>>> print(open('protein-v2.txt').read())   # compact mmCIF, C-alpha atoms and all ligand atoms
# COMPACT_ATOMS: atom_id res chain seq x y z
CA MET B 893 -116.50 72.95 -122.61
CA PRO B 894 -118.14 75.91 -124.35
CA PHE B 895 -120.94 77.78 -122.67
CA PRO B 896 -123.90 77.43 -125.07
CA LEU B 897 -124.81 80.54 -127.03
CA SER B 898 -128.37 79.97 -125.88
CA ALA B 899 -129.92 77.64 -123.31
CA PRO B 900 -133.12 77.52 -121.24
CA GLY B 901 -132.93 80.62 -119.01
CA ALA B 902 -129.39 81.55 -120.02
CA ARG B 903 -127.51 83.09 -122.91
CA PHE B 904 -123.93 83.91 -123.80
CA ASN B 905 -123.88 87.65 -124.45
CA PRO B 906 -124.11 88.05 -128.24
CA ASN B 907 -121.99 91.22 -127.92
CA ARG B 908 -118.99 89.28 -126.58
CA ASP B 909 -116.41 87.27 -128.49
CA PRO B 910 -117.76 83.68 -128.58
CA ARG B 911 -114.17 82.38 -128.33
CA ALA B 912 -114.23 83.58 -124.70
CA ARG B 913 -116.94 81.17 -123.57
CA TYR B 914 -114.96 78.10 -122.44
CA GLY B 915 -115.01 76.89 -118.89
CA THR B 916 -114.61 73.77 -116.82
CA VAL B 917 -117.53 71.37 -116.94
CA GLU B 918 -118.33 72.32 -113.33
CA LEU B 919 -118.48 76.05 -114.07
CA VAL B 920 -120.52 75.82 -117.27
CA GLN B 921 -122.98 73.36 -115.79
CA ALA B 922 -123.36 75.30 -112.53
CA LEU B 923 -124.14 78.51 -114.42
CA LEU B 924 -126.63 76.69 -116.63
CA ARG B 925 -128.33 75.10 -113.62
CA ALA B 926 -128.53 78.44 -111.82
CA GLY B 927 -129.94 80.21 -114.91
CA ALA B 928 -132.50 77.45 -115.45
CA SER B 929 -133.50 77.52 -111.78
CA VAL B 930 -134.16 81.28 -111.83
CA HIS B 931 -136.03 80.93 -115.11
CA GLN B 932 -138.22 78.18 -113.71
CA ARG B 933 -139.02 80.00 -110.49
CA LEU B 934 -139.26 83.63 -111.64
CA GLY B 935 -138.67 83.84 -115.39
CA GLY B 936 -135.98 86.05 -116.84
CA GLU B 937 -132.73 85.14 -118.54
CA LEU B 938 -129.18 84.94 -117.22
CA MET B 939 -126.73 86.87 -119.41
CA VAL B 940 -123.21 85.49 -119.30
CA ASN B 941 -120.12 87.38 -120.45
CA ASP B 942 -116.59 86.03 -120.82
CA LEU B 943 -115.37 82.80 -119.30
CA SER B 944 -111.98 81.66 -120.68
CA LEU B 945 -110.45 80.79 -124.05
CA GLN B 946 -110.65 77.18 -125.20
CA ALA B 947 -107.01 76.49 -124.32
CA GLY B 948 -106.93 78.91 -121.37
CA GLY B 949 -104.12 81.41 -120.81
CA PRO B 950 -104.07 85.21 -121.00
CA ILE B 951 -107.25 86.69 -122.42
CA PRO B 952 -107.91 90.27 -123.47
CA HIS B 953 -109.73 92.55 -120.96
CA HIS B 954 -109.09 90.32 -117.92
CA GLY B 955 -106.42 89.72 -115.30
CA SER B 956 -107.75 86.25 -114.53
CA HIS B 957 -110.19 84.12 -116.60
CA GLN B 958 -107.25 81.90 -117.55
CA GLY B 959 -108.16 78.45 -116.29
CA GLY B 960 -111.86 78.02 -117.05
CA ARG B 961 -112.97 78.68 -113.48
CA ASP B 962 -113.94 82.36 -113.88
CA ALA B 963 -117.09 83.80 -115.39
CA ASP B 964 -118.53 87.28 -115.66
CA VAL B 965 -122.28 87.24 -115.13
CA LEU B 966 -124.49 90.27 -115.70
CA PHE B 967 -126.99 91.26 -113.04
CA TYR B 968 -130.64 90.69 -113.87
CA VAL B 969 -132.28 94.06 -114.51
CA LEU B 970 -135.77 95.52 -114.86
CA ASP B 971 -136.98 98.36 -117.04
CA ALA B 972 -138.82 101.41 -115.69
CA GLN B 973 -142.10 99.45 -115.75
CA GLY B 974 -140.61 96.72 -113.58
CA GLN B 975 -140.45 94.21 -116.43
CA PRO B 976 -137.39 91.99 -116.97
CA ARG B 977 -135.05 93.51 -119.52
CA SER B 978 -132.17 91.78 -121.27
CA ALA B 979 -129.01 92.85 -119.42
CA VAL B 980 -126.33 94.82 -121.24
CA GLY B 981 -124.02 95.30 -118.26
CA ALA B 982 -124.95 98.87 -117.37
CA PRO B 983 -123.27 100.07 -114.14
CA LEU B 984 -125.70 100.41 -111.23
CA ASP B 985 -125.51 103.11 -108.58
CA PRO B 986 -126.08 102.81 -104.81
CA SER B 987 -129.86 102.92 -105.34
CA GLY B 988 -129.54 99.98 -107.76
CA ARG B 989 -130.35 102.18 -110.74
CA GLY B 990 -128.51 102.59 -114.00
CA VAL B 991 -129.03 103.57 -117.60
CA ASP B 992 -128.70 101.51 -120.75
CA PHE B 993 -127.20 104.39 -122.73
CA GLN B 994 -127.16 102.39 -126.01
CA ASP B 995 -125.57 104.88 -128.47
CA LEU B 996 -123.27 106.87 -126.20
CA THR B 997 -123.53 109.98 -128.35
CA VAL B 998 -127.33 110.06 -128.36
CA ALA B 999 -129.42 111.05 -125.31
CA SER B 1000 -132.83 110.19 -126.76
CA ASP B 1001 -132.23 106.40 -126.82
CA ASP B 1002 -131.33 106.09 -123.12
CA VAL B 1003 -133.33 103.51 -121.15
CA PRO B 1004 -133.38 103.54 -117.34
CA VAL B 1005 -132.82 100.16 -115.73
CA GLN B 1006 -132.67 98.91 -112.16
CA LEU B 1007 -131.23 95.92 -110.37
CA ASP B 1008 -133.69 93.04 -110.38
CA VAL B 1009 -133.01 92.06 -106.80
CA PRO B 1010 -135.23 88.95 -106.50
CA ARG B 1011 -133.93 87.31 -109.70
CA THR B 1012 -130.32 88.28 -109.03
CA TRP B 1013 -130.57 86.89 -105.53
CA ALA B 1014 -132.26 83.73 -106.86
CA PHE B 1015 -129.23 83.26 -109.11
CA VAL B 1016 -126.85 83.73 -106.16
CA GLU B 1017 -128.86 81.32 -104.06
CA ALA B 1018 -128.96 78.65 -106.78
CA LEU B 1019 -125.23 78.92 -107.43
CA LEU B 1020 -124.19 78.88 -103.78
CA SER B 1021 -126.51 75.95 -102.99
CA ASP B 1022 -125.20 73.88 -105.91
CA PRO B 1023 -123.27 70.85 -104.62
CA GLY B 1024 -121.53 70.61 -108.02
CA ALA B 1025 -119.72 73.93 -107.69
CA SER B 1026 -117.48 75.32 -104.95
CA VAL B 1027 -117.63 79.11 -105.30
CA GLN B 1028 -114.46 80.83 -104.10
CA ARG B 1029 -115.34 84.42 -104.92
CA MET B 1030 -118.15 86.57 -106.20
CA PHE B 1031 -116.81 90.03 -106.95
CA VAL B 1032 -119.59 92.59 -106.68
CA ALA B 1033 -119.76 96.26 -105.75
CA ARG B 1034 -120.30 96.70 -102.02
CA HIS B 1035 -123.53 98.67 -102.47
CA LEU B 1036 -125.11 95.93 -104.59
CA ARG B 1037 -123.90 93.25 -102.18
CA GLN B 1038 -125.72 95.16 -99.44
CA ARG B 1039 -128.94 95.36 -101.45
CA LEU B 1040 -128.86 91.63 -102.12
CA LEU B 1041 -128.17 90.83 -98.48
CA ARG B 1042 -131.01 93.04 -97.32
CA HIS B 1043 -133.37 91.22 -99.67
CA ALA B 1044 -132.09 87.80 -98.61
CA ARG B 1045 -132.53 88.58 -94.91
CA GLY B 1046 -136.12 89.68 -95.58
CA ALA B 1047 -136.83 86.63 -97.72
CA ARG B 1048 -135.83 84.20 -94.95
CA VAL B 1049 -133.38 82.24 -97.09
CA ALA B 1050 -131.34 79.39 -95.66
CA PRO B 1051 -128.88 80.95 -93.18
CA ALA B 1052 -126.02 78.87 -94.59
CA VAL B 1053 -126.48 80.37 -98.06
CA LEU B 1054 -126.69 83.87 -96.66
CA ARG B 1055 -123.53 83.36 -94.64
CA ARG B 1056 -121.71 81.90 -97.63
CA PHE B 1057 -122.64 84.92 -99.75
CA GLU B 1058 -121.33 87.22 -97.01
CA GLN B 1059 -118.09 85.24 -97.03
CA VAL B 1060 -117.44 84.96 -100.78
CA ALA B 1061 -118.89 88.25 -102.07
CA CYS B 1062 -116.76 91.38 -101.92
CA GLN B 1063 -115.78 94.46 -103.89
CA PRO B 1064 -112.25 94.29 -105.32
CA GLY B 1065 -110.24 97.16 -106.86
CA TYR B 1066 -112.49 97.31 -109.90
CA PRO B 1067 -115.99 98.17 -108.66
CA HIS B 1068 -118.03 95.36 -110.32
CA ASP B 1069 -121.17 97.49 -110.37
CA ASP B 1070 -122.13 96.07 -113.78
CA HIS B 1071 -121.53 92.33 -113.32
CA PHE B 1072 -120.53 89.58 -110.92
CA HIS B 1073 -117.19 87.94 -111.39
CA VAL B 1074 -117.62 84.34 -110.25
CA ARG B 1075 -114.56 82.21 -109.45
CA LEU B 1076 -114.81 78.53 -108.61
CA PHE B 1077 -112.28 76.57 -106.62
CA CYS B 1078 -110.66 73.66 -108.45
CA SER B 1079 -113.01 70.68 -108.48
CA LEU B 1080 -111.80 67.75 -106.41
CA ASP B 1081 -111.15 65.72 -109.57
CA ASP B 1082 -109.16 68.59 -111.08
CA LEU B 1083 -107.15 68.99 -107.86
CA ARG B 1084 -106.09 65.37 -108.14
CA ALA B 1085 -105.07 66.10 -111.75
CA GLY B 1086 -102.90 69.08 -110.77
CA CYS B 1087 -105.29 72.06 -110.68
CA ARG B 1088 -104.01 74.69 -108.24
CA ASP B 1089 -106.12 77.21 -106.36
CA SER B 1090 -104.99 80.73 -105.68
CA GLY B 1091 -106.15 83.42 -103.30
CA PRO B 1092 -108.00 82.97 -100.04
CA MET B 1093 -108.51 79.48 -98.62
CA PRO B 1094 -111.35 79.80 -96.10
CA PRO B 1095 -111.89 77.26 -93.32
CA TRP B 1096 -114.92 75.69 -95.03
CA ARG B 1097 -112.78 74.94 -98.10
CA ARG B 1098 -110.07 73.37 -95.95
CA ALA B 1099 -112.77 71.21 -94.37
CA GLU B 1100 -114.12 70.24 -97.81
CA LEU B 1101 -110.63 69.17 -98.88
CA ALA B 1102 -109.90 67.34 -95.65
CA ALA B 1103 -113.17 65.40 -96.05
CA ALA B 1104 -111.96 64.31 -99.50
CA GLY B 1105 -108.54 63.36 -98.16
CA LEU B 1106 -106.81 66.23 -99.97
CA THR B 1107 -104.43 68.90 -98.72
CA PRO B 1108 -104.62 72.46 -100.14
CA GLN B 1109 -102.30 73.02 -103.09
CA MET B 1110 -101.80 76.68 -103.90
CA ALA B 1111 -100.56 78.17 -107.16
CA GLY B 1112 -97.60 80.51 -107.02
CA PRO B 1113 -98.12 84.25 -107.48
CA GLU B 1114 -96.70 84.37 -111.03
CA ARG B 1115 -99.29 84.86 -113.71
CA LEU B 1116 -99.26 85.90 -117.34
CA ARG B 1117 -101.49 88.85 -118.03
CA ALA B 1118 -102.98 90.21 -121.20
CA PRO B 1119 -102.41 93.98 -121.52
CA VAL B 1120 -104.94 95.87 -119.41
CA THR B 1121 -106.93 98.69 -120.98
CA THR B 1122 -106.55 101.90 -119.01
CA THR B 1123 -109.46 104.24 -118.32
CA GLU B 1124 -107.87 106.75 -120.70
CA GLN B 1125 -107.66 104.20 -123.51
CA ALA B 1126 -111.26 103.15 -122.93
CA ARG B 1127 -112.42 106.77 -123.00
CA ARG B 1128 -110.55 107.38 -126.25
CA ALA B 1129 -111.94 104.20 -127.82
CA ALA B 1130 -115.49 105.13 -126.77
CA GLY B 1131 -115.29 108.42 -128.69
CA PRO B 1132 -117.65 111.29 -127.93
CA LEU B 1133 -120.07 110.78 -125.02
CA HIS B 1134 -123.21 112.78 -124.41
CA ALA B 1135 -123.45 114.87 -121.23
CA ASP B 1136 -125.49 112.36 -119.18
CA VAL B 1137 -122.95 109.62 -119.84
CA ARG B 1138 -120.11 111.90 -118.75
CA ALA B 1139 -122.02 112.89 -115.60
CA TRP B 1140 -122.70 109.24 -114.82
CA LEU B 1141 -119.04 108.29 -115.15
CA GLU B 1142 -118.10 111.16 -112.85
CA ARG B 1143 -120.62 110.05 -110.22
CA ARG B 1144 -119.37 106.49 -110.54
CA GLU B 1145 -116.01 107.58 -109.14
CA THR B 1146 -117.66 107.91 -105.71
CA TRP B 1147 -117.98 104.14 -105.28
CA MET B 1148 -114.91 103.06 -107.27
CA ARG B 1149 -112.57 102.87 -104.28
CA PRO B 1150 -114.43 102.20 -101.03
CA PRO B 1151 -112.52 102.28 -97.73
CA ARG B 1152 -111.63 98.95 -96.17
CA GLY B 1153 -114.39 97.29 -94.23
CA PRO B 1154 -117.18 94.72 -94.57
CA GLY B 1155 -117.89 93.88 -98.20
CA VAL B 1156 -114.50 95.03 -99.50
CA CYS B 1157 -112.06 92.32 -100.57
CA ARG B 1158 -108.94 92.00 -98.47
ZN ZN S 1 -114.19 88.72 -114.53
>>> encode(input="protein-v2.txt", output="structure tokens", more="lines below")
Ligand SMILES: [Zn+2]
Amino acid sequence: MPFPLSAPGARFNPNRDPRARYGTVELVQALLRAGASVHQRLGGELMVNDLSLQAGGPIPHHGSHQGGRDADVLFYVLDAQGQPRSAVGAPLDPSGRGVDFQDLTVASDDVPVQLDVPRTWAFVEALLSDPGASVQRMFVARHLRQRLLRHARGARVAPAVLRRFEQVACQPGYPHDDHFHVRLFCSLDDLRAGCRDSGPMPPWRRAELAAAGLTPQMAGPERLRAPVTTTEQARRAAGPLHADVRAWLERRETWMRPPRGPGVCR
């Protein structure tokens, strides 16, 4: 089903191709419930980027996003005054700060933004507590994962949700300092209809399947991929960048490839 262009507390990013907003019923509904829950509790609006194409299969700009169970979700952000600001997917540094550079050739239109930790955590909490969705992965830069965990520990959230976030959230090869990539496991109904999971199969998932009388069915490693844009191609396509943007991209290299350890995907 398509993710709605606009819903209470959630929006499909108007800057993305609306053909890339199809997901399984479970994924679309879980995102909508999480967005609505944050909106109800704290205000703000969830900004959702690409899911999958209507018929699935390879999709530009992504290695996965082929079966309707992946979504890119922008972090909630605040402006310099601490007010919620519509997210554009600006990368955030280890202090949780970033810049909405807008026109990349113009310095005067730059707007500082920062990670809105309480709302972003509220989204995580709603999604991971949702009995209608089994989250397999949340890709997120290690430094932002740490900030969210620190907040969650201080906010005395349910230990099970905190533990689940520790288990499913990690930084993969691409830093994910500008959005979460959320991947759901196949729903139980879809498993019975032939859906195949890939990647890690943690003990809690095995238990979930066993309780439903199912055995894990894993997809093979083969996968069709759309051509991936290289950094060089992206730089060329972006055209001239003003000095602050160039400096930011240089600094970003420092957290692009963290050493192995907690918070880094294995
Ligand atoms: Zn993604």
>>> closest_residue(input="protein-v2.txt", among="B:Ala947, B:Val1003, B:Met893, B:Val1016", to="Val930 of chain B", atoms="only C-alpha atoms")
B:Val1016
>>> residues_near_ligand(input="protein-v2.txt", ligand="ligand ZN 1 (chain S)", cutoff="10 Å", atoms="all atoms listed in the file", output="PDB file with C-alpha atoms, in the coordinates of the input")
ATOM      1  CA  ASN B 941    -120.120  87.380-120.450  1.00  0.00           C
ATOM      2  CA  ASP B 942    -116.590  86.030-120.820  1.00  0.00           C
ATOM      3  CA  LEU B 943    -115.370  82.800-119.300  1.00  0.00           C
ATOM      4  CA  SER B 944    -111.980  81.660-120.680  1.00  0.00           C
ATOM      5  CA  HIS B 953    -109.730  92.550-120.960  1.00  0.00           C
ATOM      6  CA  HIS B 954    -109.090  90.320-117.920  1.00  0.00           C
ATOM      7  CA  GLY B 955    -106.420  89.720-115.300  1.00  0.00           C
ATOM      8  CA  SER B 956    -107.750  86.250-114.530  1.00  0.00           C
ATOM      9  CA  HIS B 957    -110.190  84.120-116.600  1.00  0.00           C
ATOM     10  CA  ASP B 962    -113.940  82.360-113.880  1.00  0.00           C
ATOM     11  CA  ALA B 963    -117.090  83.800-115.390  1.00  0.00           C
ATOM     12  CA  ASP B 964    -118.530  87.280-115.660  1.00  0.00           C
ATOM     13  CA  VAL B 965    -122.280  87.240-115.130  1.00  0.00           C
ATOM     14  CA  MET B1030    -118.150  86.570-106.200  1.00  0.00           C
ATOM     15  CA  PHE B1031    -116.810  90.030-106.950  1.00  0.00           C
ATOM     16  CA  TYR B1066    -112.490  97.310-109.900  1.00  0.00           C
ATOM     17  CA  HIS B1068    -118.030  95.360-110.320  1.00  0.00           C
ATOM     18  CA  HIS B1071    -121.530  92.330-113.320  1.00  0.00           C
ATOM     19  CA  PHE B1072    -120.530  89.580-110.920  1.00  0.00           C
ATOM     20  CA  HIS B1073    -117.190  87.940-111.390  1.00  0.00           C
ATOM     21  CA  VAL B1074    -117.620  84.340-110.250  1.00  0.00           C
ATOM     22  CA  ARG B1075    -114.560  82.210-109.450  1.00  0.00           C
TER      23      ARG B1075
END
>>> closest_residue(input="protein-v2.txt", among="B:Leu919, B:Ala1061, B:Leu1141, B:Ala1014", to="Gly990 of chain B", atoms="only C-alpha atoms")
B:Leu1141
>>> residues_near_point(input="protein-v2.txt", point="(-136.3, 97.1, -117.0)", cutoff="9 Å", atoms="only C-alpha atoms", output="ChimeraX atom specification")
/B:969-979,1003-1008
>>> closest_residue(input="protein-v2.txt", among="B:Thr1146, B:Ser929, B:Gln921, B:Gln1109", to="Glu1017 of chain B", atoms="only C-alpha atoms")
B:Ser929
>>> residues_near_point(input="protein-v2.txt", point="(-136.2, 78.8, -110.9)", cutoff="9 Å", atoms="only C-alpha atoms", output="list in words")
Gly901, Ala926, Gly927, Ala928, Ser929, Val930, His931, Gln932, Arg933, Leu934, Gly935, Arg1011, Ala1014, Phe1015 and Ala1018 of chain B
>>> decode(input="protein-v2.txt", residues="segment 902-938 of chain B", atoms="C-alpha atoms", output="PDB file, in the first residue's frame")
ATOM      1  CA  ALA B 902       3.500  12.128   9.347  1.00  0.00           C
ATOM      2  CA  ARG B 903       4.335  13.105   5.805  1.00  0.00           C
ATOM      3  CA  PHE B 904       5.990  11.537   2.791  1.00  0.00           C
ATOM      4  CA  ASN B 905       8.898  13.829   1.919  1.00  0.00           C
ATOM      5  CA  PRO B 906       7.634  16.079  -0.895  1.00  0.00           C
ATOM      6  CA  ASN B 907      11.207  16.177  -2.266  1.00  0.00           C
ATOM      7  CA  ARG B 908      11.220  12.419  -2.944  1.00  0.00           C
ATOM      8  CA  ASP B 909       9.723  10.524  -5.870  1.00  0.00           C
ATOM      9  CA  PRO B 910       6.177   9.565  -4.769  1.00  0.00           C
ATOM     10  CA  ARG B 911       6.507   6.296  -6.720  1.00  0.00           C
ATOM     11  CA  ALA B 912       8.939   5.184  -3.990  1.00  0.00           C
ATOM     12  CA  ARG B 913       6.363   5.180  -1.192  1.00  0.00           C
ATOM     13  CA  TYR B 914       4.969   1.624  -1.299  1.00  0.00           C
ATOM     14  CA  GLY B 915       5.342  -0.753   1.575  1.00  0.00           C
ATOM     15  CA  THR B 916       3.699  -3.722   3.199  1.00  0.00           C
ATOM     16  CA  VAL B 917       0.558  -2.953   5.166  1.00  0.00           C
ATOM     17  CA  GLU B 918       2.491  -3.688   8.369  1.00  0.00           C
ATOM     18  CA  LEU B 919       5.274  -1.219   7.560  1.00  0.00           C
ATOM     19  CA  VAL B 920       3.054   1.635   6.394  1.00  0.00           C
ATOM     20  CA  GLN B 921       0.679   1.262   9.306  1.00  0.00           C
ATOM     21  CA  ALA B 922       3.457   0.944  11.892  1.00  0.00           C
ATOM     22  CA  LEU B 923       5.112   4.134  10.633  1.00  0.00           C
ATOM     23  CA  LEU B 924       1.786   5.958  10.667  1.00  0.00           C
ATOM     24  CA  ARG B 925       1.025   4.780  14.194  1.00  0.00           C
ATOM     25  CA  ALA B 926       4.474   5.812  15.413  1.00  0.00           C
ATOM     26  CA  GLY B 927       4.212   9.251  13.761  1.00  0.00           C
ATOM     27  CA  ALA B 928       0.731   9.790  15.205  1.00  0.00           C
ATOM     28  CA  SER B 929       1.880   8.688  18.654  1.00  0.00           C
ATOM     29  CA  VAL B 930       4.774  11.185  18.699  1.00  0.00           C
ATOM     30  CA  HIS B 931       2.482  13.898  17.375  1.00  0.00           C
ATOM     31  CA  GLN B 932      -0.076  13.226  20.082  1.00  0.00           C
ATOM     32  CA  ARG B 933       2.439  13.154  22.911  1.00  0.00           C
ATOM     33  CA  LEU B 934       4.940  15.826  21.847  1.00  0.00           C
ATOM     34  CA  GLY B 935       3.841  17.397  18.567  1.00  0.00           C
ATOM     35  CA  GLY B 936       6.118  17.464  15.553  1.00  0.00           C
ATOM     36  CA  GLU B 937       5.868  15.598  12.281  1.00  0.00           C
ATOM     37  CA  LEU B 938       7.545  12.412  11.078  1.00  0.00           C
TER      38      LEU B 938
END
